[in-house]
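**Q** Got run-v5.txt for you, compact mmCIF, C-alpha atoms:
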# COMPACT_ATOMS: atom_id res chain seq x y z
CA MET A 4 -85.65 123.93 87.78
CA PHE A 5 -85.65 127.48 89.08
CA ASN A 6 -82.35 126.93 90.93
CA PHE A 7 -80.87 125.38 87.80
CA LEU A 8 -81.63 128.49 85.71
CA ALA A 9 -80.77 130.93 88.49
CA ASN A 10 -77.08 130.72 87.59
CA PRO A 11 -76.56 133.58 85.09
CA ALA A 12 -74.09 131.67 82.91
CA ARG A 13 -76.35 128.61 82.77
CA PHE A 14 -79.42 130.78 82.12
CA ASN A 15 -77.72 132.47 79.17
CA GLN A 16 -76.50 129.15 77.81
CA VAL A 17 -79.94 127.51 77.93
CA THR A 18 -81.91 130.49 76.67
CA ASP A 19 -79.49 131.18 73.80
CA ARG A 20 -80.28 127.70 72.50
CA LEU A 21 -84.04 128.01 72.97
CA MET A 22 -84.63 131.62 71.85
CA PRO A 23 -84.54 131.01 68.06
CA ALA A 24 -87.19 128.28 68.32
CA THR A 25 -89.28 130.36 70.73
CA ALA A 26 -89.18 133.40 68.44
CA GLY A 27 -90.04 131.22 65.46
CA LEU A 28 -93.06 129.74 67.25
CA ALA A 29 -94.19 133.23 68.26
CA GLY A 30 -94.11 134.39 64.65
CA LEU A 31 -95.80 131.21 63.42
CA PHE A 32 -98.69 131.25 65.88
CA LEU A 33 -99.27 135.00 65.52
CA SER A 34 -99.23 134.83 61.72
CA ILE A 35 -101.69 131.94 61.56
CA GLY A 36 -103.76 133.45 64.37
CA ILE A 37 -104.09 136.86 62.73
CA ILE A 38 -105.05 135.33 59.38
CA SER A 39 -107.58 133.06 61.08
CA ALA A 40 -109.00 135.89 63.19
CA LEU A 41 -109.35 138.46 60.42
CA ILE A 42 -110.11 136.31 57.37
CA ILE A 43 -111.11 132.73 58.17
CA SER A 44 -113.25 133.12 61.31
CA PRO A 45 -116.85 134.20 60.66
CA PRO A 46 -118.46 137.40 62.00
CA ASP A 47 -120.69 137.04 65.04
CA TYR A 48 -124.42 136.82 64.37
CA GLN A 49 -125.06 139.72 66.79
CA GLN A 50 -121.82 141.72 66.92
CA GLY A 51 -120.72 141.30 63.32
CA ASP A 52 -117.05 142.00 62.62
CA THR A 53 -116.72 143.87 65.92
CA VAL A 54 -116.22 140.49 67.58
CA ARG A 55 -112.75 140.28 66.00
CA ILE A 56 -111.49 142.58 68.77
CA MET A 57 -111.91 139.51 70.98
CA TYR A 58 -108.87 137.85 69.41
CA VAL A 59 -106.62 140.52 70.91
CA HIS A 60 -108.64 141.51 73.96
CA VAL A 61 -109.12 138.08 75.53
CA PRO A 62 -105.53 136.80 75.14
CA SER A 63 -104.27 140.14 76.47
CA ALA A 64 -106.44 139.72 79.57
CA TRP A 65 -105.15 136.18 80.06
CA MET A 66 -101.55 137.34 79.74
CA ALA A 67 -102.07 140.25 82.16
CA LEU A 68 -103.32 137.81 84.81
CA PHE A 69 -100.76 135.12 84.04
CA ILE A 70 -97.80 137.49 84.23
CA TYR A 71 -99.00 139.03 87.48
CA SER A 72 -99.32 135.52 88.91
CA PHE A 73 -95.75 134.84 87.76
CA ILE A 74 -94.61 138.02 89.52
CA ALA A 75 -96.38 137.00 92.73
CA ILE A 76 -94.81 133.52 92.67
CA THR A 77 -91.29 134.78 91.98
CA SER A 78 -91.73 137.50 94.60
CA ALA A 79 -92.68 134.85 97.16
CA ILE A 80 -89.58 132.83 96.22
CA GLY A 81 -87.45 135.94 96.59
CA LEU A 82 -88.88 136.77 100.01
CA ILE A 83 -88.81 133.25 101.45
CA TRP A 84 -85.50 131.96 100.06
CA ARG A 85 -83.86 135.39 99.52
CA HIS A 86 -83.21 134.48 95.90
CA PRO A 87 -81.96 137.51 93.91
CA PHE A 88 -82.76 135.89 90.56
CA ALA A 89 -86.39 135.56 91.62
CA HIS A 90 -86.69 139.29 92.32
CA LEU A 91 -84.91 140.05 89.05
CA SER A 92 -87.33 137.81 87.11
CA ALA A 93 -90.30 139.62 88.66
CA GLN A 94 -88.82 143.00 87.75
CA ALA A 95 -88.26 141.84 84.17
CA ALA A 96 -91.85 140.61 83.85
CA ALA A 97 -93.60 143.73 85.19
CA PRO A 98 -93.32 145.95 82.06
CA ILE A 99 -94.55 143.06 79.93
CA GLY A 100 -97.55 142.54 82.18
CA ILE A 101 -98.51 146.20 82.25
CA THR A 102 -98.28 146.32 78.44
CA PHE A 103 -100.77 143.47 78.13
CA THR A 104 -102.99 145.15 80.74
CA ILE A 105 -103.02 148.40 78.74
CA LEU A 106 -103.79 146.41 75.58
CA CYS A 107 -106.62 144.65 77.41
CA LEU A 108 -108.13 147.90 78.68
CA THR A 109 -107.77 149.63 75.31
CA THR A 110 -109.31 146.86 73.24
CA GLY A 111 -112.01 146.42 75.88
CA SER A 112 -112.90 150.09 75.52
CA LEU A 113 -113.00 149.78 71.72
CA TRP A 114 -115.23 146.72 72.04
CA GLY A 115 -117.42 148.25 74.72
CA LYS A 116 -118.31 151.40 72.75
CA PRO A 117 -120.43 149.66 70.06
CA MET A 118 -121.75 147.03 72.49
CA TRP A 119 -122.58 149.18 75.55
CA GLY A 120 -122.70 152.64 73.99
CA ALA A 121 -119.86 153.89 76.23
CA TRP A 122 -116.08 153.79 76.19
CA TRP A 123 -115.95 152.99 79.90
CA VAL A 124 -118.29 151.82 82.64
CA TRP A 125 -117.47 151.17 86.28
CA ASP A 126 -118.20 147.51 85.82
CA ALA A 127 -116.72 145.06 88.37
CA ARG A 128 -114.54 143.31 85.76
CA LEU A 129 -113.31 146.55 84.20
CA THR A 130 -112.63 148.21 87.54
CA SER A 131 -110.67 145.23 88.89
CA VAL A 132 -108.54 145.12 85.72
CA LEU A 133 -107.88 148.85 86.11
CA PHE A 134 -106.78 148.13 89.67
CA LEU A 135 -104.42 145.49 88.24
CA PHE A 136 -102.88 148.22 86.09
CA PHE A 137 -102.18 150.31 89.19
CA LEU A 138 -100.72 147.27 90.97
CA TYR A 139 -98.25 146.87 88.10
CA LEU A 140 -97.40 150.58 88.32
CA GLY A 141 -96.92 150.35 92.09
CA PHE A 142 -94.70 147.28 91.78
CA MET A 143 -92.48 148.98 89.21
CA ALA A 144 -92.34 152.23 91.20
CA LEU A 145 -91.38 150.52 94.47
CA ASN A 146 -88.50 148.72 92.80
CA LYS A 147 -87.03 152.13 91.92
CA ALA A 148 -88.05 153.98 95.09
CA PHE A 149 -85.01 153.21 97.28
CA ASP A 150 -81.29 153.76 96.95
CA ASP A 151 -80.81 150.26 98.34
CA PRO A 152 -82.10 147.85 95.63
CA SER A 153 -82.82 145.13 98.19
CA ARG A 154 -85.29 147.37 100.04
CA GLY A 155 -87.08 148.13 96.79
CA GLU A 156 -87.23 144.46 95.85
CA LYS A 157 -88.67 143.50 99.24
CA SER A 158 -91.28 146.29 99.24
CA ALA A 159 -92.35 145.50 95.69
CA ALA A 160 -92.56 141.78 96.46
CA ILE A 161 -94.85 142.40 99.44
CA LEU A 162 -97.11 144.56 97.26
CA ALA A 163 -97.19 141.84 94.60
CA LEU A 164 -98.27 139.22 97.14
CA VAL A 165 -100.93 141.43 98.73
CA GLY A 166 -102.22 142.47 95.33
CA PHE A 167 -102.53 138.87 94.16
CA ILE A 168 -105.97 138.76 95.81
CA ASN A 169 -107.12 140.85 92.84
CA VAL A 170 -106.46 137.98 90.40
CA PRO A 171 -109.36 135.76 91.58
CA VAL A 172 -111.49 138.90 91.95
CA ILE A 173 -110.98 139.61 88.24
CA LYS A 174 -111.67 136.00 87.30
CA PHE A 175 -114.88 135.57 89.33
CA SER A 176 -116.20 139.16 89.26
CA VAL A 177 -118.73 138.27 86.56
CA ASP A 178 -120.06 135.47 88.79
CA TRP A 179 -120.04 137.36 92.09
CA TRP A 180 -121.64 140.60 90.88
CA ASN A 181 -124.23 141.69 88.36
CA THR A 182 -122.02 143.15 85.62
CA LEU A 183 -122.30 144.27 82.02
CA HIS A 184 -119.33 142.12 81.12
CA GLN A 185 -120.26 138.78 79.59
CA PRO A 186 -119.87 135.69 81.83
CA ALA A 187 -117.21 133.03 81.33
CA SER A 188 -117.34 131.52 77.84
CA LEU A 189 -114.54 128.94 78.01
CA LEU A 190 -114.16 127.47 81.51
CA ARG A 191 -117.72 126.22 81.92
CA ALA A 192 -119.09 122.99 83.32
CA ASP A 193 -121.02 122.38 80.09
CA GLY A 194 -118.05 123.18 77.86
CA PRO A 195 -117.02 126.30 75.92
CA ALA A 196 -119.80 128.54 74.63
CA ILE A 197 -117.68 129.65 71.65
CA HIS A 198 -117.80 127.79 68.34
CA SER A 199 -114.62 126.05 67.22
CA SER A 200 -114.35 128.42 64.22
CA MET A 201 -113.75 131.24 66.72
CA LEU A 202 -112.11 129.20 69.48
CA THR A 203 -109.24 128.01 67.28
CA PRO A 204 -107.94 131.47 66.25
CA LEU A 205 -108.42 132.64 69.84
CA PHE A 206 -106.09 129.93 71.13
CA LEU A 207 -103.63 130.53 68.29
CA MET A 208 -103.40 134.20 69.24
CA ALA A 209 -103.01 133.26 72.91
CA LEU A 210 -100.13 130.90 72.07
CA GLY A 211 -98.52 133.62 69.97
CA PHE A 212 -98.79 136.08 72.86
CA ILE A 213 -97.28 133.53 75.26
CA PHE A 214 -94.21 132.94 73.09
CA VAL A 215 -93.78 136.67 72.48
CA ALA A 216 -93.92 137.28 76.24
CA VAL A 217 -91.34 134.55 76.85
CA CYS A 218 -88.98 136.07 74.27
CA VAL A 219 -89.29 139.54 75.76
CA LEU A 220 -88.97 138.21 79.31
CA VAL A 221 -85.77 136.33 78.54
CA THR A 222 -84.33 139.38 76.80
CA ARG A 223 -85.20 141.65 79.72
CA ILE A 224 -83.69 139.21 82.24
CA LYS A 225 -80.46 139.17 80.23
CA VAL A 226 -80.38 142.98 80.24
CA LEU A 227 -81.01 143.18 83.99
CA LEU A 228 -78.30 140.58 84.64
CA LEU A 229 -75.85 142.69 82.66
CA LYS A 230 -76.85 145.84 84.53
CA ARG A 231 -76.41 144.06 87.86
CA ARG A 232 -73.00 142.79 86.76
CA ILE A 233 -71.92 146.29 85.73
CA ARG A 234 -73.13 147.72 89.07
CA LEU A 235 -71.16 145.12 91.01
CA MET A 236 -68.07 145.84 88.95
CA ARG A 237 -68.36 149.54 89.76
CA ILE A 238 -68.80 148.80 93.45
CA ASN A 239 -65.74 146.54 93.40
CA GLY A 240 -63.60 149.10 91.60
CA GLY A 241 -63.93 147.66 88.12
CA LYS A 242 -63.38 144.01 89.11
CA LEU A 243 -66.10 141.43 89.54
CA ARG A 244 -65.41 139.20 92.48
CA SER A 245 -66.18 135.52 92.09
Mind turning the file's structure into C-alpha cells?
**A**
Amino acid sequence: MFNFLANPARFNQVTDRLMPATAGLAGLFLSIGIISALIISPPDYQQGDTVRIMYVHVPSAWMALFIYSFIAITSAIGLIWRHPFAHLSAQAAAPIGITFTILCLTTGSLWGKPMWGAWWVWDARLTSVLFLFFLYLGFMALNKAFDDPSRGEKSAAILALVGFINVPVIKFSVDWWNTLHQPASLLRADGPAIHSSMLTPLFLMALGFIFVAVCVLVTRIKVLLLKRRIRLMRINGGKLRS
C-alpha cells in the first residue's frame, strides 16, 4: 500500500478523490462532537463543567502519540528501504504532531490549575509529554540542519526512532510511578471507567481530530512534493528528468 501511494502522480490522483469526503467527515464529527461535549454531555459530579476540557485534551494527547508513532514508522521505512516518500511523509507529519502536543500541554495546564492548584507540576506524565514536544522540535530542526537534505532526513529519522521509547513511557507512566495524573480510564481490564454520556463525545472529537490530521497531512505532503519537484527542476536547469 505504501509503495502504491509513493508514486507522486498516483498519490495525487487517489488523495484528490478522497479529500472531499475526508474533509466532510472531519467537519461532521467535529460539529457533532463539540455540540455533544459542550451541551449534551453532563458536568462531572466532582469537577463540574471543568471536565469539558477533557474533550480536547485527551484526543490531542492521543493524536500527539499517534503521529509520533507514524513518524517513527515512516522514518524506519526511509532508513531501511531508502524510500524518499517515507522521509517526506514524516517531515509532513511533524508540524501536525507538535501542534497537537502543544494543544495537549495547554489544555492540560488549564485543567490542572483548578484540579491541582498549579498550572504545571513535574509529574511523570506531564514531563514525558513535554519531552515529546522537544523530540518533535529536534526532528524538525535536524531536517533543516544540513545543506544536503538526505543527511538531514537520515539524522532526523534516527532521532525519531531513538525517541520512540518515550511513547510507551508516556502511556504507562501513570502505572509505573506515583503521579498526580489520573490513571487509565479507557483501556482497562474491567472496561472503561467513563460513562457513555461522556465517552461518546470523546470518541467523536477524537474521530474529528483524526480526519483533520489526515486532511492537513495530505495537503502538506502535496506541498512538499511540489517543493521537491521545483528543487529538482532548478538542479537540472529548469527541466525535470524522468
**Q** Could you give me, as a list in words, the residues within 9 Å of A:Leu68, counting all atoms listed in the file and dropping anything in the same chain fewer than 6 positions from it?
**A**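 Residues near the query, excluding close chain neighbours: Gly100, Thr104, Leu135, Val170, Ile173 and Lys174 of chain A.
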**Q** From the set A:Pro98, A:Gly120, A:His90, A:Phe206, which residue has the shortest atom-to-atom contact distance to A:Ala144, counting only C-alpha atoms?
**A**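 Checking each candidate against A:Ala144, we get A:Pro98 as the closest.
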**Q** Can you work out which one of A:Glu156, A:Ala79, A:Leu21, A:Leu91 has the shortest atom-to-atom distance to A:Lys230, counting all atoms listed in the file?
**A**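 Result for the nearest residue to A:Lys230: A:Leu91.
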**Q** I'd like the neighbourhood of A:Phe32 as JSON, numbers by chain, where a residue qualifies if any of its atoms comes within 7 Å (using only C-alpha atoms), though same-chain residues fewer than 4 positions away should be ignored.
**A** {"A": [28, 36, 207, 208, 210, 211]}
**Q** Which one is closest to A:Gly115: A:Ile99, A:Leu129, A:Ala12, A:Ile80? Count all atoms listed in the file.
**A**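 That would be A:Leu129, the residue with the smallest distance to A:Gly115.
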**Q** Which residue, A:Gly81, A:Pro171, A:Pro45, A:Pro62, has the smallest gap to A:Gly111 when you use all atoms listed in the file?
**A**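 Of A:Gly81, A:Pro171, A:Pro45, A:Pro62, the one nearest A:Gly111 is A:Pro62, counting all atoms listed in the file.
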